[in-house]
Amino acid sequence: MRHPMKEPQIYCPQCKWRPAAEDRWSCVPSCGTSWNTFWTGGVCPGCGIRWEKTQCPACGKLSPHKDWYHWPDGSEPANEATQEDLASVKIGAD
């Protein structure tokens, strides 16, 4: 039986900038789709490419996408978070 996981806070691991629901990233140089990368756990809804790194619009630095998820109490889920788990996190939920 799977237990519900606590939701992480989402912010840049470099500068702590927090994305809002209206923020968008572009799938460049691939298909050009514009979407919120945290809605899909880093997977482009246009072409399906999985972006392993996410660029922060505030500081411009690239970080592994999974490093943007900061779990409560500094702990991570008991098992590796799946793409579906990351995509289910609500942006702006604290």
# chains A, B, ... in the order shown; residues from 1 in each chain; ligands from 1
>>> residues_around(residues="Glu22 (chain A)", least_positions_apart="2", cutoff="8 Å", atoms="only C-alpha atoms", output="mmCIF file with N, CA and C atoms, in the first residue's frame")
data_model
loop_
_atom_site.group_PDB
_atom_site.id
_atom_site.type_symbol
_atom_site.label_atom_id
_atom_site.label_comp_id
_atom_site.auth_asym_id
_atom_site.auth_seq_id
_atom_site.Cartn_x
_atom_site.Cartn_y
_atom_site.Cartn_z
ATOM 1 N N ALA A 20 6.041 30.487 -9.828
ATOM 2 C CA ALA A 20 4.602 30.642 -9.646
ATOM 3 C C ALA A 20 3.892 29.833 -10.737
ATOM 4 N N ARG A 24 6.668 30.109 -17.053
ATOM 5 C CA ARG A 24 6.799 29.173 -18.173
ATOM 6 C C ARG A 24 8.263 28.970 -18.549
ATOM 7 N N ASN A 36 4.756 25.174 -17.852
ATOM 8 C CA ASN A 36 5.369 25.190 -16.526
ATOM 9 C C ASN A 36 5.973 23.812 -16.291
#
>>> residues_around(residues="Gly46 (chain A)", least_positions_apart="5", cutoff="9 Å", atoms="only C-alpha atoms", output="VMD selection string")
chain A and resid 27 31 to 34
>>> closest_residue(among="A:Gln9, A:Ser63, A:Thr37, A:Thr54", to="Ala21 (chain A)", atoms="only C-alpha atoms")
A:Thr37
>>> residues_around(residues="region 69-75 of chain A", least_positions_apart="4", cutoff="7 Å", atoms="only C-alpha atoms", output="ChimeraX atom specification")
/A:7-11
>>> closest_residue(among="A:Cys44, A:Pro64, A:Trp39, A:Arg50", to="Pro19 (chain A)", atoms="only C-alpha atoms")
A:Trp39
>>> atom_distance(atom1="CA of Gln55 (chain A)", atom2="CA of Cys12 (chain A)")
8.7 Å
>>> atom_distance(atom1="CA of Lys61 (chain A)", atom2="CA of Lys16 (chain A)")
11.5 Å
>>> atom_distance(atom1="CA of Leu62 (chain A)", atom2="CA of Gln14 (chain A)")
8.7 Å
>>> closest_residue(among="A:Gly41, A:Ser26, A:Trp35, A:Trp17", to="His65 (chain A)", atoms="only C-alpha atoms")
A:Gly41
